[in-house]
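K.L.:
First, the structure itself, so that you have it in front of you.
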Amino acid sequence: MFNLIRHCFFLSLLLACMMAHATVYKTIDQVKSSAFPDATKFIPSDISLSDAQAKAIEKQSGVRVRNKQQKVWLAMSQDKKIGWLIIDEVIGKHEFITYSTALNADGSVKLLEVMDYRETHGGQIRDPDWLKQFIGKVFGAKLKLDEDITNISGATLSCKHIADGVKRLLSTYDIVLKNQG
């Protein structure tokens, strides 16, 4: 009995340590404000990809579509479309990373922000200088580590997966969002 209690104690301690590394850095309202400070409204425009759209995005981007549901808002300034805000998740090494990608009305990346980081290592991907390299990227950009995206030692998988996620979202814009709004 004592061994069972001790085992449960150590498991709960391990779980608490693992959960202590999950950090929420930005809320949806905060990323809306930082991405589109001039927006007068955000129109919820969530996407439910069809099988055909998911396959087209995968083929175009070379990145697997893991979730066909995508949280999206159309950012408006008065009656003018100024861009899109997309909330996405990718796997880091073991855990999910929640991030936002703000696209200008022309589909170029305006801002990328890490909202929630659950990994124990690799949090350097939150560095504004690392995130800045995505700004201006458009559909068709390589978004490949050590070519047009700098790798961070100790965060290679997180870097690769964020780059792949942005590449997938730019294809999603091209296939689904470009002619909406």
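Residue numbers start at 1 in each chain; chains themselves are named A, B, ... in the order of the structure tokens; ligands are numbered from 1 in the order shown.
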Set the distance at 10 Å and use only C-alpha atoms: which residues neighbour Gly62 (chain A) once local chain neighbours fewer than 3 positions away are removed? I'd like the list as a list in words.

P.N.:
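Once the adjacent positions are removed, what remains is Lys55, Ala56, Ile57, Glu58, Lys59, Val65, Asp164, Lys167, Arg168 and Ser171 of chain A.
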
K.L.:
Could those selected residues go to a file with N, CA and C atoms, as a compact mmCIF listing (two decimals), in the first residue's frame?

P.N.:
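Ended up saving to result-v1.txt:
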```txt
# COMPACT_ATOMS: atom_id res chain seq x y z
N LYS A 55 -6.72 18.47 -49.03
CA LYS A 55 -5.76 17.81 -49.94
C LYS A 55 -5.03 18.83 -50.80
N ALA A 56 -5.73 19.85 -51.27
CA ALA A 56 -5.11 20.89 -52.09
C ALA A 56 -4.07 21.67 -51.27
N ILE A 57 -4.39 21.98 -50.02
CA ILE A 57 -3.45 22.69 -49.14
C ILE A 57 -2.22 21.82 -48.89
N GLU A 58 -2.43 20.54 -48.61
CA GLU A 58 -1.32 19.62 -48.38
C GLU A 58 -0.42 19.52 -49.61
N LYS A 59 -1.04 19.41 -50.78
CA LYS A 59 -0.27 19.30 -52.02
C LYS A 59 0.51 20.58 -52.29
N VAL A 65 -2.29 18.64 -43.26
CA VAL A 65 -3.37 19.33 -42.56
C VAL A 65 -3.84 18.38 -41.46
N ASP A 164 6.61 25.34 -40.93
CA ASP A 164 5.66 24.52 -41.71
C ASP A 164 4.23 25.00 -41.51
N LYS A 167 3.65 28.09 -43.51
CA LYS A 167 3.57 27.70 -44.94
C LYS A 167 2.18 27.13 -45.26
N ARG A 168 1.67 26.30 -44.36
CA ARG A 168 0.32 25.73 -44.53
C ARG A 168 -0.74 26.81 -44.49
N SER A 171 -0.90 28.75 -47.69
CA SER A 171 -1.65 27.98 -48.69
C SER A 171 -3.15 28.03 -48.40
```

K.L.:
Return as an MDAnalysis selection string the full set of residues in region 41-175 of chain A whose backbone-based DSSP assignment is helix (DSSP H, G or I).

P.N.:
chainID A and resid 51:61 123:126 128:132 156:175

K.L.:
Kindly export the residues of the current selection with N, CA, C and O atoms, as a compact mmCIF listing (two decimals), in the first residue's frame.

P.N.:
```
# COMPACT_ATOMS: atom_id res chain seq x y z
N ASP A 51 -12.61 17.96 -47.62
CA ASP A 51 -11.53 17.02 -47.93
C ASP A 51 -10.71 17.51 -49.11
O ASP A 51 -9.48 17.44 -49.11
N ALA A 52 -11.39 18.05 -50.13
CA ALA A 52 -10.70 18.54 -51.32
C ALA A 52 -9.80 19.73 -50.99
O ALA A 52 -8.67 19.81 -51.48
N GLN A 53 -10.28 20.65 -50.15
CA GLN A 53 -9.47 21.81 -49.76
C GLN A 53 -8.25 21.36 -48.95
O GLN A 53 -7.13 21.85 -49.18
N ALA A 54 -8.45 20.44 -48.03
CA ALA A 54 -7.34 19.93 -47.21
C ALA A 54 -6.29 19.27 -48.09
O ALA A 54 -5.08 19.52 -47.92
N LYS A 55 -6.72 18.47 -49.03
CA LYS A 55 -5.76 17.81 -49.94
C LYS A 55 -5.03 18.83 -50.80
O LYS A 55 -3.83 18.71 -51.04
N ALA A 56 -5.73 19.85 -51.27
CA ALA A 56 -5.11 20.89 -52.09
C ALA A 56 -4.07 21.67 -51.27
O ALA A 56 -2.98 21.97 -51.77
N ILE A 57 -4.39 21.98 -50.02
CA ILE A 57 -3.45 22.69 -49.14
C ILE A 57 -2.22 21.82 -48.89
O ILE A 57 -1.08 22.30 -48.95
N GLU A 58 -2.43 20.54 -48.61
CA GLU A 58 -1.32 19.62 -48.38
C GLU A 58 -0.42 19.52 -49.61
O GLU A 58 0.81 19.57 -49.51
N LYS A 59 -1.04 19.41 -50.78
CA LYS A 59 -0.27 19.30 -52.02
C LYS A 59 0.51 20.58 -52.29
O LYS A 59 1.69 20.55 -52.63
N GLN A 60 -0.13 21.71 -52.12
CA GLN A 60 0.47 23.00 -52.41
C GLN A 60 1.58 23.35 -51.42
O GLN A 60 2.64 23.86 -51.81
N SER A 61 1.36 23.08 -50.14
CA SER A 61 2.32 23.48 -49.11
C SER A 61 3.34 22.41 -48.78
O SER A 61 4.41 22.71 -48.25
N GLY A 123 11.85 27.70 -25.90
CA GLY A 123 11.02 28.90 -25.83
C GLY A 123 11.62 30.10 -26.54
O GLY A 123 10.96 31.13 -26.67
N GLN A 124 12.85 29.95 -27.04
CA GLN A 124 13.49 31.04 -27.77
C GLN A 124 12.74 31.40 -29.04
O GLN A 124 12.96 32.47 -29.60
N ILE A 125 11.82 30.55 -29.48
CA ILE A 125 11.05 30.88 -30.69
C ILE A 125 10.13 32.08 -30.45
O ILE A 125 9.61 32.64 -31.39
N ARG A 126 9.99 32.48 -29.20
CA ARG A 126 9.20 33.69 -28.89
C ARG A 126 9.99 34.96 -29.13
O ARG A 126 9.44 36.06 -29.08
N PRO A 128 11.32 38.12 -30.53
CA PRO A 128 10.79 38.96 -31.61
C PRO A 128 11.67 38.98 -32.86
O PRO A 128 11.17 39.06 -33.98
N ASP A 129 13.00 38.91 -32.67
CA ASP A 129 13.89 38.91 -33.83
C ASP A 129 13.72 37.64 -34.66
O ASP A 129 13.80 37.68 -35.88
N TRP A 130 13.49 36.50 -34.00
CA TRP A 130 13.27 35.27 -34.75
C TRP A 130 11.92 35.34 -35.47
O TRP A 130 11.81 34.98 -36.64
N LEU A 131 10.90 35.82 -34.80
CA LEU A 131 9.56 35.89 -35.39
C LEU A 131 9.50 36.89 -36.55
O LEU A 131 8.74 36.69 -37.50
N LYS A 132 10.32 37.95 -36.50
CA LYS A 132 10.32 38.98 -37.54
C LYS A 132 10.65 38.44 -38.93
O LYS A 132 10.24 39.02 -39.93
N THR A 156 15.04 23.20 -32.64
CA THR A 156 14.93 22.86 -34.07
C THR A 156 13.54 22.40 -34.46
O THR A 156 12.99 22.87 -35.46
N LEU A 157 12.95 21.48 -33.70
CA LEU A 157 11.63 20.98 -34.07
C LEU A 157 10.57 22.07 -33.96
O LEU A 157 9.70 22.18 -34.83
N SER A 158 10.64 22.88 -32.92
CA SER A 158 9.68 23.99 -32.79
C SER A 158 9.83 24.96 -33.95
O SER A 158 8.84 25.41 -34.52
N CYS A 159 11.07 25.29 -34.33
CA CYS A 159 11.31 26.18 -35.47
C CYS A 159 10.74 25.61 -36.75
O CYS A 159 10.05 26.29 -37.51
N LYS A 160 11.04 24.34 -37.00
CA LYS A 160 10.57 23.69 -38.23
C LYS A 160 9.05 23.64 -38.28
O LYS A 160 8.44 23.94 -39.30
N HIS A 161 8.44 23.28 -37.17
CA HIS A 161 6.99 23.13 -37.16
C HIS A 161 6.26 24.46 -37.27
O HIS A 161 5.21 24.55 -37.91
N ILE A 162 6.80 25.51 -36.66
CA ILE A 162 6.21 26.85 -36.84
C ILE A 162 6.33 27.26 -38.31
O ILE A 162 5.36 27.75 -38.91
N ALA A 163 7.52 27.08 -38.90
CA ALA A 163 7.71 27.43 -40.32
C ALA A 163 6.75 26.64 -41.20
O ALA A 163 6.13 27.20 -42.12
N ASP A 164 6.61 25.34 -40.93
CA ASP A 164 5.66 24.52 -41.71
C ASP A 164 4.23 25.00 -41.51
O ASP A 164 3.44 25.05 -42.45
N GLY A 165 3.89 25.37 -40.27
CA GLY A 165 2.54 25.86 -39.98
C GLY A 165 2.23 27.13 -40.76
O GLY A 165 1.15 27.27 -41.34
N VAL A 166 3.17 28.05 -40.79
CA VAL A 166 2.96 29.30 -41.54
C VAL A 166 2.84 28.99 -43.03
O VAL A 166 1.98 29.56 -43.72
N LYS A 167 3.65 28.09 -43.51
CA LYS A 167 3.57 27.70 -44.94
C LYS A 167 2.18 27.13 -45.26
O LYS A 167 1.57 27.47 -46.27
N ARG A 168 1.67 26.30 -44.36
CA ARG A 168 0.32 25.73 -44.53
C ARG A 168 -0.74 26.81 -44.49
O ARG A 168 -1.68 26.82 -45.29
N LEU A 169 -0.59 27.78 -43.57
CA LEU A 169 -1.58 28.86 -43.47
C LEU A 169 -1.55 29.77 -44.69
O LEU A 169 -2.60 30.26 -45.12
N LEU A 170 -0.38 30.00 -45.26
CA LEU A 170 -0.31 30.80 -46.49
C LEU A 170 -1.00 30.08 -47.65
O LEU A 170 -1.65 30.71 -48.48
N SER A 171 -0.90 28.75 -47.69
CA SER A 171 -1.65 27.98 -48.69
C SER A 171 -3.15 28.03 -48.40
O SER A 171 -3.96 28.10 -49.32
N THR A 172 -3.51 27.99 -47.12
CA THR A 172 -4.91 28.11 -46.74
C THR A 172 -5.47 29.45 -47.20
O THR A 172 -6.58 29.53 -47.73
N TYR A 173 -4.69 30.50 -47.02
CA TYR A 173 -5.10 31.82 -47.52
C TYR A 173 -5.33 31.75 -49.03
O TYR A 173 -6.36 32.20 -49.54
N ASP A 174 -4.37 31.19 -49.76
CA ASP A 174 -4.44 31.14 -51.22
C ASP A 174 -5.65 30.34 -51.70
O ASP A 174 -6.33 30.75 -52.65
N ILE A 175 -5.95 29.24 -51.04
CA ILE A 175 -7.02 28.35 -51.50
C ILE A 175 -8.38 28.75 -50.97
O ILE A 175 -9.39 28.65 -51.68
```

K.L.:
Ranking A:Ile43, A:Ala141, A:Ile28, A:Ile135 by minimum distance to Asp79 (chain A) and counting only C-alpha atoms, which one comes first?

P.N.:
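Using only C-alpha atoms, Asp79 (chain A) sits closest to A:Ile43.
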
K.L.:
In terms of the shortest atom-to-atom distance over only C-alpha atoms, which of A:Lys110, A:Lys80, A:Lys41, A:Lys68 is closest to Val138 (chain A)?

P.N.:
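For Val138 (chain A), the nearest of the candidates is A:Lys110.
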
K.L.:
Per DSSP on the backbone, filter chain A down to the residues in strand (DSSP E) and report them as number ranges by chain.

P.N.:
A: 23-24, 41-44, 47-48, 69-77, 80-91, 96-104, 109-117

K.L.:
Would you give me, as a Markdown table, each residue of region 107-171 of chain A having an atom within 8 Å of an atom of region 98-102 of chain A, along with its shortest atom pair and that distance in Å to one decimal, using only C-alpha atoms and sorting by chain and residue number?

P.N.:
```
| residue | atom | partner | partner_atom | distance |
| --- | --- | --- | --- | --- |
| A:Val109 | CA | A:Ala102 | CA | 6.0 |
| A:Lys110 | CA | A:Ala102 | CA | 5.3 |
| A:Leu111 | CA | A:Ala102 | CA | 5.0 |
| A:Leu112 | CA | A:Thr101 | CA | 4.7 |
| A:Glu113 | CA | A:Ser100 | CA | 5.3 |
| A:Val114 | CA | A:Tyr99 | CA | 4.3 |
| A:Met115 | CA | A:Tyr99 | CA | 4.9 |
| A:Asp116 | CA | A:Thr98 | CA | 4.9 |
| A:Tyr117 | CA | A:Thr98 | CA | 6.6 |
| A:Val166 | CA | A:Thr101 | CA | 7.4 |
```

K.L.:
Keeping C-alpha atoms for every residue in the selection just given, could you write it to a file as a PDB file, in the first residue's frame?

P.N.:
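The result, written out as out_10.pdb:
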```pdb
ATOM      1  CA  VAL A 109       2.489  37.899 -43.171  1.00  0.00           C
ATOM      2  CA  LYS A 110       2.013  40.981 -41.025  1.00  0.00           C
ATOM      3  CA  LEU A 111       2.799  39.545 -37.594  1.00  0.00           C
ATOM      4  CA  LEU A 112       3.507  36.197 -35.972  1.00  0.00           C
ATOM      5  CA  GLU A 113       3.124  35.710 -32.210  1.00  0.00           C
ATOM      6  CA  VAL A 114       3.485  32.710 -29.900  1.00  0.00           C
ATOM      7  CA  MET A 115       0.430  32.641 -27.673  1.00  0.00           C
ATOM      8  CA  ASP A 116       0.911  29.474 -25.628  1.00  0.00           C
ATOM      9  CA  TYR A 117       4.125  27.482 -25.272  1.00  0.00           C
ATOM     10  CA  VAL A 166       2.963  29.298 -41.538  1.00  0.00           C
TER      11      VAL A 166
END
```

K.L.:
Distance CA of Tyr25 (chain A)-CA of Ala39 (chain A), one decimal place?

P.N.:
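Separating CA of Tyr25 (chain A) from CA of Ala39 (chain A) is a distance of 21.7 Å.
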
K.L.:
Would you mind listing what lies within 8 Å of Glu119 (chain A) as a PDB file with N, CA and C atoms, in the first residue's frame, with only C-alpha atoms counted and same-chain residues fewer than 3 positions away left out?

P.N.:
```pdb
ATOM      1  N   HIS A  21       5.426  24.131 -17.013  1.00  0.00           N
ATOM      2  CA  HIS A  21       6.109  24.728 -18.157  1.00  0.00           C
ATOM      3  C   HIS A  21       5.143  25.320 -19.180  1.00  0.00           C
ATOM      4  N   ALA A  22       3.866  25.038 -19.057  1.00  0.00           N
ATOM      5  CA  ALA A  22       2.892  25.611 -19.990  1.00  0.00           C
ATOM      6  C   ALA A  22       2.675  27.069 -19.613  1.00  0.00           C
ATOM      7  N   GLY A  92       5.410  21.016 -31.003  1.00  0.00           N
ATOM      8  CA  GLY A  92       6.808  21.416 -30.829  1.00  0.00           C
ATOM      9  C   GLY A  92       7.655  20.168 -30.949  1.00  0.00           C
ATOM     10  N   LYS A  93       8.220  19.736 -29.850  1.00  0.00           N
ATOM     11  CA  LYS A  93       8.898  18.437 -29.821  1.00  0.00           C
ATOM     12  C   LYS A  93       7.922  17.392 -29.298  1.00  0.00           C
ATOM     13  N   HIS A  94       7.226  17.755 -28.213  1.00  0.00           N
ATOM     14  CA  HIS A  94       6.265  16.830 -27.603  1.00  0.00           C
ATOM     15  C   HIS A  94       4.889  17.455 -27.412  1.00  0.00           C
ATOM     16  N   GLU A  95       4.840  18.759 -27.243  1.00  0.00           N
ATOM     17  CA  GLU A  95       3.606  19.452 -26.878  1.00  0.00           C
ATOM     18  C   GLU A  95       3.181  20.439 -27.961  1.00  0.00           C
ATOM     19  N   PHE A  96       1.942  20.896 -27.872  1.00  0.00           N
ATOM     20  CA  PHE A  96       1.436  21.857 -28.844  1.00  0.00           C
ATOM     21  C   PHE A  96       1.920  23.269 -28.543  1.00  0.00           C
ATOM     22  N   ILE A  97       2.142  24.017 -29.604  1.00  0.00           N
ATOM     23  CA  ILE A  97       2.465  25.437 -29.543  1.00  0.00           C
ATOM     24  C   ILE A  97       1.296  26.148 -30.211  1.00  0.00           C
ATOM     25  N   GLY A 122      13.201  25.313 -25.715  1.00  0.00           N
ATOM     26  CA  GLY A 122      12.951  25.878 -27.043  1.00  0.00           C
ATOM     27  C   GLY A 122      12.107  27.127 -27.054  1.00  0.00           C
ATOM     28  N   GLY A 123      11.846  27.701 -25.904  1.00  0.00           N
ATOM     29  CA  GLY A 123      11.020  28.896 -25.825  1.00  0.00           C
ATOM     30  C   GLY A 123      11.618  30.100 -26.536  1.00  0.00           C
TER      31      GLY A 123
END
```

K.L.:
So how many Å separate CA of Leu103 (chain A) and CA of Trp84 (chain A), to one decimal?

P.N.:
5.1 Å

K.L.:
Which residue, A:Ile152, A:Val90, A:Leu177, A:Val72, has the smallest gap to Asp46 (chain A) when you use only C-alpha atoms?

P.N.:
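Ranked by minimum distance to Asp46 (chain A), first place goes to A:Val72.
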
K.L.:
Go through A:Ile87, A:Ile82, A:Val31, A:Ile47 and flag the residue nearest Gln69 (chain A), using only C-alpha atoms for the distances.

P.N.:
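Looking only at the distances to Gln69 (chain A), the closest residue turns out to be A:Ile47.
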
K.L.:
Would you compute the distance between CA of Arg118 (chain A) and CA of Gly154 (chain A)? Give it in Å to one decimal.

P.N.:
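The value is 14.9 Å.
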
K.L.:
Here is a test: counting only C-alpha atoms, which residue of A:Asp127, A:Asp146, A:Asp38, A:Glu89 is nearest to Met76 (chain A)?

P.N.:
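Using only C-alpha atoms, Met76 (chain A) sits closest to A:Asp38.
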